[in-house]
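Chemist: What follows is model_23.txt, made up of compact mmCIF, C-alpha atoms and all ligand atoms:
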# COMPACT_ATOMS: atom_id res chain seq x y z
CA MET T 1 -2.88 4.10 29.19
CA SER T 2 -3.75 7.59 30.39
CA ALA T 3 -5.40 10.09 28.02
CA GLU T 4 -2.17 12.09 28.02
CA ASP T 5 -0.02 9.03 27.14
CA PHE T 6 -2.42 8.24 24.30
CA ARG T 7 -2.21 11.80 22.99
CA LEU T 8 1.60 11.78 23.08
CA LEU T 9 1.82 8.43 21.28
CA GLN T 10 -0.85 9.49 18.78
CA GLU T 11 1.22 12.58 17.92
CA LEU T 12 4.44 10.61 17.66
CA PHE T 13 2.97 8.00 15.29
CA CYS T 14 1.28 10.67 13.22
CA ARG T 15 4.58 12.53 12.72
CA GLU T 16 6.30 9.24 11.92
CA CYS T 17 3.95 7.87 9.27
CA GLY T 18 0.95 10.19 8.81
CA LEU T 19 -1.54 7.85 10.46
CA LEU T 20 -3.96 9.23 12.99
CA PHE T 21 -5.21 6.77 15.58
CA GLN T 22 -8.64 8.04 16.58
CA PRO T 23 -9.59 8.10 20.29
CA GLU T 24 -11.98 5.16 19.80
CA LEU T 25 -8.90 3.07 18.93
CA LYS T 26 -7.22 3.81 22.28
CA PHE T 27 -8.14 0.42 23.65
CA ILE T 28 -6.71 -1.42 20.62
CA VAL T 29 -3.54 0.71 20.63
CA GLU T 30 -3.11 -0.04 24.33
CA ARG T 31 -3.57 -3.78 23.83
CA ARG T 32 -1.23 -4.01 20.84
CA LEU T 33 1.53 -1.82 22.31
CA GLY T 34 1.20 -3.67 25.63
CA VAL T 35 3.07 -6.52 23.96
CA ARG T 36 6.01 -4.19 23.20
CA LEU T 37 6.08 -2.91 26.81
CA GLU T 38 6.42 -6.50 28.00
CA VAL T 39 9.19 -7.30 25.52
CA LEU T 40 11.15 -4.23 26.63
CA GLY T 41 10.33 -4.64 30.33
CA LEU T 42 8.99 -1.09 30.58
CA LYS T 43 6.62 -0.20 33.40
CA ASP T 44 4.13 2.10 31.63
CA PHE T 45 3.25 3.92 28.38
CA ALA T 46 4.93 7.15 29.48
CA ALA T 47 8.20 5.17 29.68
CA TYR T 48 7.44 3.61 26.29
CA HIS T 49 6.88 7.06 24.76
CA ARG T 50 10.24 8.21 26.15
CA PHE T 51 11.89 5.06 24.81
CA LEU T 52 10.45 5.63 21.32
CA GLN T 53 11.53 9.26 21.33
CA SER T 54 15.14 8.50 22.21
CA ASP T 55 14.95 5.10 20.40
CA PRO T 56 18.20 3.59 21.76
CA SER T 57 17.63 0.72 19.29
CA GLY T 58 18.09 3.05 16.32
CA HIS T 59 14.75 3.00 14.54
CA GLU T 60 14.00 -0.61 15.42
CA GLU T 61 11.42 -0.07 18.12
CA MET T 62 9.43 2.40 16.01
CA GLU T 63 9.29 -0.24 13.26
CA ALA T 64 8.23 -2.90 15.76
CA ALA T 65 5.50 -0.58 17.08
CA LEU T 66 4.20 0.16 13.59
CA ASP T 67 4.24 -3.54 12.81
CA VAL T 68 1.81 -4.27 15.62
CA LEU T 69 -0.31 -1.17 14.97
CA LEU T 70 -0.74 -1.01 11.19
CA THR T 71 -3.49 -2.87 9.38
CA ARG T 72 -1.96 -5.15 6.76
CA GLU T 73 -5.21 -6.69 5.51
CA THR T 74 -4.96 -7.52 1.81
CA TYR T 75 -5.60 -10.39 -0.62
CA PHE T 76 -5.25 -11.25 -4.29
CA PHE T 77 -7.76 -9.69 -6.72
CA ARG T 78 -9.21 -7.45 -3.99
CA GLU T 79 -12.05 -5.16 -5.17
CA PRO T 80 -12.75 -7.09 -8.38
CA LEU T 81 -15.10 -4.54 -9.98
CA GLN T 82 -12.41 -1.90 -9.91
CA LEU T 83 -9.86 -4.38 -11.24
CA ASP T 84 -12.27 -5.27 -14.02
CA THR T 85 -12.40 -1.59 -15.02
CA PHE T 86 -8.62 -1.47 -14.82
CA ALA T 87 -8.39 -4.45 -17.20
CA ARG T 88 -11.10 -3.34 -19.63
CA GLN T 89 -10.51 0.41 -19.78
CA VAL T 90 -7.25 1.53 -18.21
CA LEU T 91 -4.90 -1.09 -19.63
CA PRO T 92 -6.04 -0.62 -23.25
CA ALA T 93 -5.74 3.18 -22.80
CA LEU T 94 -2.21 2.79 -21.42
CA HIS T 95 -1.35 0.37 -24.21
CA GLU T 96 -2.32 2.99 -26.74
CA ALA T 97 -0.70 5.93 -24.94
CA LYS T 98 2.60 4.13 -24.33
CA GLY T 99 2.83 2.24 -27.63
CA ALA T 100 5.79 4.30 -28.86
CA SER T 101 8.03 3.58 -25.86
CA GLN T 102 6.57 0.13 -25.05
CA GLN T 103 7.42 0.82 -21.44
CA LEU T 104 4.93 0.62 -18.59
CA ARG T 105 5.43 1.43 -14.92
CA LEU T 106 2.86 0.75 -12.21
CA TRP T 107 3.17 1.42 -8.49
CA SER T 108 1.47 -0.32 -5.62
CA ALA T 109 1.94 2.29 -2.87
CA GLY T 110 1.26 0.57 0.46
CA CYS T 111 1.60 -2.93 -0.99
CA SER T 112 1.55 -4.72 2.37
CA THR T 113 2.47 -8.41 1.92
CA GLY T 114 2.53 -8.26 -1.89
CA GLU T 115 -0.83 -9.57 -3.02
CA GLU T 116 -1.70 -6.30 -4.82
CA PRO T 117 1.47 -5.90 -6.97
CA TYR T 118 1.42 -9.58 -7.93
CA THR T 119 -2.27 -9.24 -8.84
CA LEU T 120 -1.31 -6.38 -11.16
CA VAL T 121 1.34 -8.49 -12.91
CA MET T 122 -1.22 -11.28 -13.31
CA MET T 123 -3.70 -8.87 -14.83
CA LEU T 124 -1.11 -7.50 -17.24
CA LYS T 125 -0.36 -11.03 -18.33
CA GLU T 126 -4.05 -11.92 -18.70
CA SER T 127 -4.59 -8.82 -20.87
CA GLY T 128 -2.16 -10.23 -23.46
CA LEU T 129 -1.28 -6.63 -24.41
CA PHE T 130 2.20 -6.21 -23.00
CA GLY T 131 4.02 -9.43 -23.96
CA ASP T 132 7.28 -7.90 -25.24
CA TRP T 133 7.07 -4.58 -23.37
CA SER T 134 9.35 -3.47 -20.57
CA VAL T 135 6.98 -3.65 -17.59
CA THR T 136 7.80 -2.88 -13.96
CA VAL T 137 5.55 -2.88 -10.92
CA HIS T 138 7.06 -0.93 -8.05
CA ALA T 139 5.77 -2.17 -4.72
CA THR T 140 6.51 -0.17 -1.58
CA ASP T 141 5.49 -0.19 2.05
CA ILE T 142 6.58 1.28 5.36
CA SER T 143 6.70 -2.17 6.96
CA ARG T 144 9.92 -4.12 6.34
CA ARG T 145 8.25 -7.20 7.79
CA ALA T 146 5.42 -7.00 5.26
CA LEU T 147 7.95 -6.52 2.46
CA GLY T 148 9.86 -9.61 3.64
CA ILE T 149 6.68 -11.69 3.35
CA ALA T 150 5.94 -10.12 -0.04
CA ARG T 151 9.36 -11.08 -1.40
CA ARG T 152 8.81 -14.74 -0.47
CA ALA T 153 5.63 -14.73 -2.65
CA ASP T 154 4.29 -17.73 -0.73
CA TYR T 155 0.65 -17.55 0.40
CA GLY T 156 -2.03 -19.40 2.35
CA PRO T 157 -5.77 -19.75 1.76
CA ALA T 158 -6.76 -16.34 3.24
CA ALA T 159 -4.72 -14.50 0.58
CA LEU T 160 -6.41 -16.53 -2.14
CA ARG T 161 -9.97 -16.34 -0.86
CA VAL T 162 -11.43 -14.62 -3.94
CA THR T 163 -8.97 -16.02 -6.50
CA SER T 164 -10.66 -18.49 -8.83
CA ALA T 165 -9.33 -22.03 -9.16
CA GLU T 166 -8.52 -21.26 -12.79
CA ARG T 167 -6.37 -18.27 -11.78
CA GLN T 168 -4.72 -20.24 -9.00
CA ALA T 169 -3.71 -22.94 -11.47
CA ARG T 170 -2.50 -20.39 -13.99
CA HIS T 171 -0.50 -18.02 -11.79
CA PHE T 172 0.67 -20.14 -8.81
CA GLU T 173 2.62 -23.29 -8.02
CA ARG T 174 1.39 -25.43 -5.16
CA VAL T 175 4.16 -25.84 -2.56
CA SER T 176 2.15 -27.71 0.10
CA PRO T 177 -1.48 -28.74 0.63
CA GLU T 178 -2.10 -25.29 2.17
CA ARG T 179 0.31 -22.98 0.39
CA MET T 180 0.75 -21.58 -3.10
CA LYS T 181 3.73 -19.68 -4.51
CA VAL T 182 3.48 -17.06 -7.25
CA ARG T 183 5.12 -18.42 -10.43
CA PRO T 184 8.70 -17.06 -10.62
CA GLU T 185 8.21 -15.35 -14.00
CA LEU T 186 5.40 -13.28 -12.43
CA THR T 187 7.60 -12.05 -9.59
CA GLN T 188 10.28 -10.74 -11.93
CA PRO T 189 8.61 -7.43 -12.92
CA VAL T 190 8.04 -6.50 -9.25
CA ILE T 191 10.57 -4.19 -7.58
CA PHE T 192 10.05 -3.94 -3.83
CA GLY T 193 11.18 -0.95 -1.82
CA HIS T 194 10.90 0.43 1.69
CA VAL T 195 9.16 3.80 1.33
CA ASN T 196 7.34 5.87 3.92
CA LEU T 197 4.79 7.77 1.83
CA ILE T 198 5.13 10.95 3.86
CA ASP T 199 8.87 11.07 3.09
CA LEU T 200 9.15 13.15 -0.09
CA GLY T 201 12.88 12.41 -0.41
CA LYS T 202 12.12 8.67 -0.67
CA VAL T 203 9.08 9.10 -2.93
CA LYS T 204 11.11 11.26 -5.31
CA GLN T 205 13.62 8.46 -5.85
CA LEU T 206 10.92 6.47 -7.64
CA PRO T 207 10.51 6.92 -11.39
CA LEU T 208 7.42 8.50 -12.93
CA MET T 209 4.51 6.04 -13.06
CA ASP T 210 1.75 5.38 -15.57
CA CYS T 211 -0.67 4.18 -12.91
CA ILE T 212 -0.61 4.18 -9.11
CA PHE T 213 -2.65 1.93 -6.84
CA CYS T 214 -2.84 3.44 -3.36
CA ARG T 215 -5.74 1.45 -1.99
CA ASN T 216 -6.81 1.25 1.64
CA VAL T 217 -3.80 3.23 2.85
CA LEU T 218 -4.78 6.91 3.04
CA ILE T 219 -8.11 6.19 4.71
CA TYR T 220 -6.39 6.17 8.12
CA PHE T 221 -4.25 9.26 7.50
CA GLU T 222 -4.50 12.60 9.28
CA PRO T 223 -6.07 15.05 6.75
CA GLY T 224 -2.95 17.25 6.38
CA TYR T 225 -0.72 14.26 5.68
CA ARG T 226 -3.33 12.77 3.32
CA ARG T 227 -3.27 16.00 1.29
CA ARG T 228 0.50 15.95 1.23
CA VAL T 229 0.71 12.31 0.07
CA VAL T 230 -1.93 12.88 -2.62
CA GLN T 231 0.25 15.71 -3.94
CA PHE T 232 3.33 13.43 -3.89
CA LEU T 233 1.39 10.78 -5.82
CA TYR T 234 0.26 13.40 -8.35
CA GLU T 235 3.86 14.42 -8.95
CA ARG T 236 4.97 10.80 -9.43
CA LEU T 237 2.47 10.27 -12.27
CA VAL T 238 3.11 10.98 -15.94
CA PRO T 239 0.58 13.43 -17.43
CA GLY T 240 -2.48 11.32 -18.27
CA GLY T 241 -1.54 8.72 -15.61
CA TYR T 242 -4.13 7.23 -13.26
CA LEU T 243 -4.53 6.95 -9.51
CA LEU T 244 -6.76 4.22 -8.08
CA LEU T 245 -7.87 4.42 -4.46
CA GLY T 246 -9.75 1.85 -2.38
CA HIS T 247 -13.54 1.56 -2.66
CA SER T 248 -14.23 3.40 0.56
CA GLU T 249 -11.84 6.24 -0.29
CA ASN T 250 -12.12 9.38 -2.38
CA LEU T 251 -10.56 12.82 -2.74
CA LEU T 252 -13.76 14.78 -2.04
CA ASN T 253 -12.23 16.63 0.90
CA VAL T 254 -8.72 16.75 -0.48
CA LYS T 255 -7.69 19.72 -2.54
CA SER T 256 -5.66 18.44 -5.48
CA ASP T 257 -5.07 18.89 -9.20
CA PHE T 258 -6.40 15.43 -10.03
CA ARG T 259 -9.43 15.25 -12.25
CA TRP T 260 -11.85 12.44 -11.65
CA VAL T 261 -13.01 10.14 -14.38
CA GLN T 262 -15.91 7.74 -14.28
CA LEU T 263 -15.03 4.52 -16.10
CA GLY T 264 -17.21 1.40 -16.12
CA GLY T 265 -19.08 2.65 -13.02
CA GLU T 266 -15.80 3.14 -11.12
CA LEU T 267 -14.32 6.42 -9.94
CA LEU T 268 -10.68 6.90 -10.93
CA TYR T 269 -8.37 9.88 -10.68
CA GLN T 270 -6.20 11.13 -13.51
CA ARG T 271 -3.38 13.61 -13.79
CA PRO T 272 -4.57 15.79 -16.68
CA PRO T 273 -2.74 14.90 -19.93
C1 LIG W 301 -4.59 -2.21 4.56
S1 LIG W 301 -3.02 -2.37 3.78
C2 LIG W 301 -3.49 -2.16 2.07
C3 LIG W 301 -2.80 -3.14 1.16
C4 LIG W 301 -3.21 -3.07 -0.31
N1 LIG W 301 -2.96 -1.75 -0.86
C5 LIG W 301 -4.67 -3.44 -0.49
O1 LIG W 301 -5.51 -2.55 -0.70
O2 LIG W 301 -5.00 -4.61 -0.41
C6 LIG W 301 -2.30 -0.77 4.19
C7 LIG W 301 -0.77 -0.76 4.04
O3 LIG W 301 -0.33 0.60 4.07
C8 LIG W 301 0.92 0.63 4.72
N2 LIG W 301 1.20 2.00 5.21
C9 LIG W 301 0.60 2.68 6.19
N3 LIG W 301 1.16 3.88 6.35
C10 LIG W 301 2.14 3.98 5.43
C11 LIG W 301 3.08 4.99 5.10
N4 LIG W 301 3.15 6.16 5.76
N5 LIG W 301 3.94 4.74 4.09
C12 LIG W 301 3.90 3.57 3.41
N6 LIG W 301 3.04 2.58 3.68
C13 LIG W 301 2.16 2.78 4.68
C14 LIG W 301 0.78 -0.39 5.83
O4 LIG W 301 2.04 -0.85 6.31
C15 LIG W 301 -0.04 -1.50 5.16
O5 LIG W 301 0.79 -2.49 4.63
Could I get this structure in the form of C-alpha cells?
Ligand SMILES: C[S@@+](CC[C@H](N)C(=O)[O-])C[C@H]1O[C@@H](n2cnc3c(N)ncnc32)[C@H](O)[C@@H]1O

Modeler:
Amino acid sequence: MSAEDFRLLQELFCRECGLLFQPELKFIVERRLGVRLEVLGLKDFAAYHRFLQSDPSGHEEMEAALDVLLTRETYFFREPLQLDTFARQVLPALHEAKGASQQLRLWSAGCSTGEEPYTLVMMLKESGLFGDWSVTVHATDISRRALGIARRADYGPAALRVTSAERQARHFERVSPERMKVRPELTQPVIFGHVNLIDLGKVKQLPLMDCIFCRNVLIYFEPGYRRRVVQFLYERLVPGGYLLLGHSENLLNVKSDFRWVQLGGELLYQRPP
C-alpha cells in the first residue's frame, strides 16, 4: 500500500465512521484489507479505494471493510471497578431521581457483540432496585455483524473470562461444554439498533437516556469527530444523566458542557441537572 493509498483510505474511513487510523497502523490496515482485495479480485489498494467510493455493492463493501478493521474486543463485566461504582453510587442515585416515573433508560453506545448491554441488565437485576420498573437498555453499534452475534446472546469462554462462577450460574444457561447463553428474561430489556455515532439523524431517533456507556469507542476517533459525538451524547442524556467512558479515556481535550464527578475513585461525566 503506497503512502498515498493509505492517506486516501484513511480519509474515506474517517468520513464514514469518525475513526482515524494512525500511520503506525498502516501495516495492519494493509494486512486486514488485503483479504478484501482478494475476495473482490482487485489488483491494488488504489482500485479498492475507487471500488469503495463508487461502492457498486450498495454499502456492503464499506461494511465488510469496517468489519475487518474495527476492534470489537469486549467481555462481560469489563472494568469492574467502574461497574462497582455504577452499582453502588449511580444506580441508587437514578433510583431516587426516577422514582416518580419508574422508568429507566440506559444506552450502550458501541456495544460490539453485546457483552456490555447484557452486563448492565445483570447489574440492574443484582441491584434489586428496579424489579417492577420499565427498564430498557438500548444497544447500538456500526457493525451489523457484531449486532447479529449480540442478538444470539451465546458466548464462549473469552467473553466470560472475568465473570465469576456464581454470576455465570445466575445469569446464563449452559448450552454446550464451551458455550453459555444469557437467560432469556435478561435479553428482553435490550433493544439493539444499527447506529453510526457520527450520524446525528440516527442518534436523534433514540430516546433520551438516564445513563450512557460509551466505553472504548471514542479513543480511536479523530478529534473533531470525537467532539461531535460527545456533543450528540450530551444531547441524548436527560439533565442529571451520566456518561461513562472507558478507563483509558477522558474528555480533557474535548470541549463540552459535561461536568465531571468523582464517585468511588472513578471519574464520571454528568449532564448538569
Ligand atoms: C472496542 S469495542 C467496545 C465495546 C464495549 N463498549 C466495551 O467497552 O467492551 C468498540 C466498538 O465501537 C464500534 N464503533 C466504532 N466506530 C463506531 C461508530 N462510528 N458508530 C458506532 N459504533 C462504532 C465498533 O464497531 C466496536 O464494536

Chemist: What does the distance between atom CA of Leu208 of chain T and atom CA of Arg236 of chain T come to in Å, to one decimal place?

Modeler: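 Taking atom CA of Leu208 of chain T and atom CA of Arg236 of chain T, their separation equals 4.9 Å.
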
Chemist: Name the residues, by chain letter and number, that sit within 6 Å of ligand LIG 301 (chain W) using only C-alpha atoms and all ligand atoms, and give them as a list of chain:residue names.

Modeler: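 Taking only C-alpha atoms and all ligand atoms into account, the residues around ligand LIG 301 (chain W) at most 6 Å away are T:Cys17, T:Gly18, T:Leu70, T:Thr71, T:Arg72, T:Glu73, T:Thr74, T:Tyr75, T:Gly110, T:Cys111, T:Ser112, T:Glu116, T:Asp141, T:Ile142, T:Ser143, T:Val195, T:Asn196, T:Leu197, T:Ile198, T:Cys214, T:Arg215, T:Asn216, T:Val217.
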
Chemist: Pick the closest to Asp199 of chain T from T:Arg228, T:Pro273, T:Ser127, T:Ser176: which is it, counting only C-alpha atoms?

Modeler: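 Of T:Arg228, T:Pro273, T:Ser127, T:Ser176, the one nearest Asp199 of chain T, counting only C-alpha atoms, is T:Arg228.
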
Chemist: How far is it from atom CA of Pro117 of chain T to atom CA of Leu244 of chain T, in Å with one decimal?

Modeler: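 Value for the atom CA of Pro117 of chain T-atom CA of Leu244 of chain T distance: 13.1 Å.
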
Chemist: One number please: atom CA of Arg78 of chain T to atom CA of Arg183 of chain T, in Å, one decimal.

Modeler: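 Separation between atom CA of Arg78 of chain T and atom CA of Arg183 of chain T: 19.2 Å.
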
Chemist: Please identify all polymer residues within 12 Å of Gly264 of chain T, counting only C-alpha atoms, omitting same-chain residues fewer than 5 positions from it, and present them as a list in words.

Modeler: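 So the residues in contact are Leu81, Gln82, Leu83, Asp84, Thr85, Phe86, Ala87, Arg88, Gln89 and Val90 of chain T.
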
Chemist: Can you work out which one of T:Val29, T:Val175, T:Ile149, T:Cys211 has the shortest atom-to-atom distance to Val238 of chain T, counting only C-alpha atoms?

Modeler: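 Using only C-alpha atoms, Val238 of chain T sits closest to T:Cys211.
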
Chemist: Restricting the calculation to all atoms listed in the file: of T:Lys98, T:Lys255, T:Arg105, T:Arg144, which residue gets closest to Phe213 of chain T?

Modeler: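 For Phe213 of chain T, the nearest of the given residues is T:Arg105.
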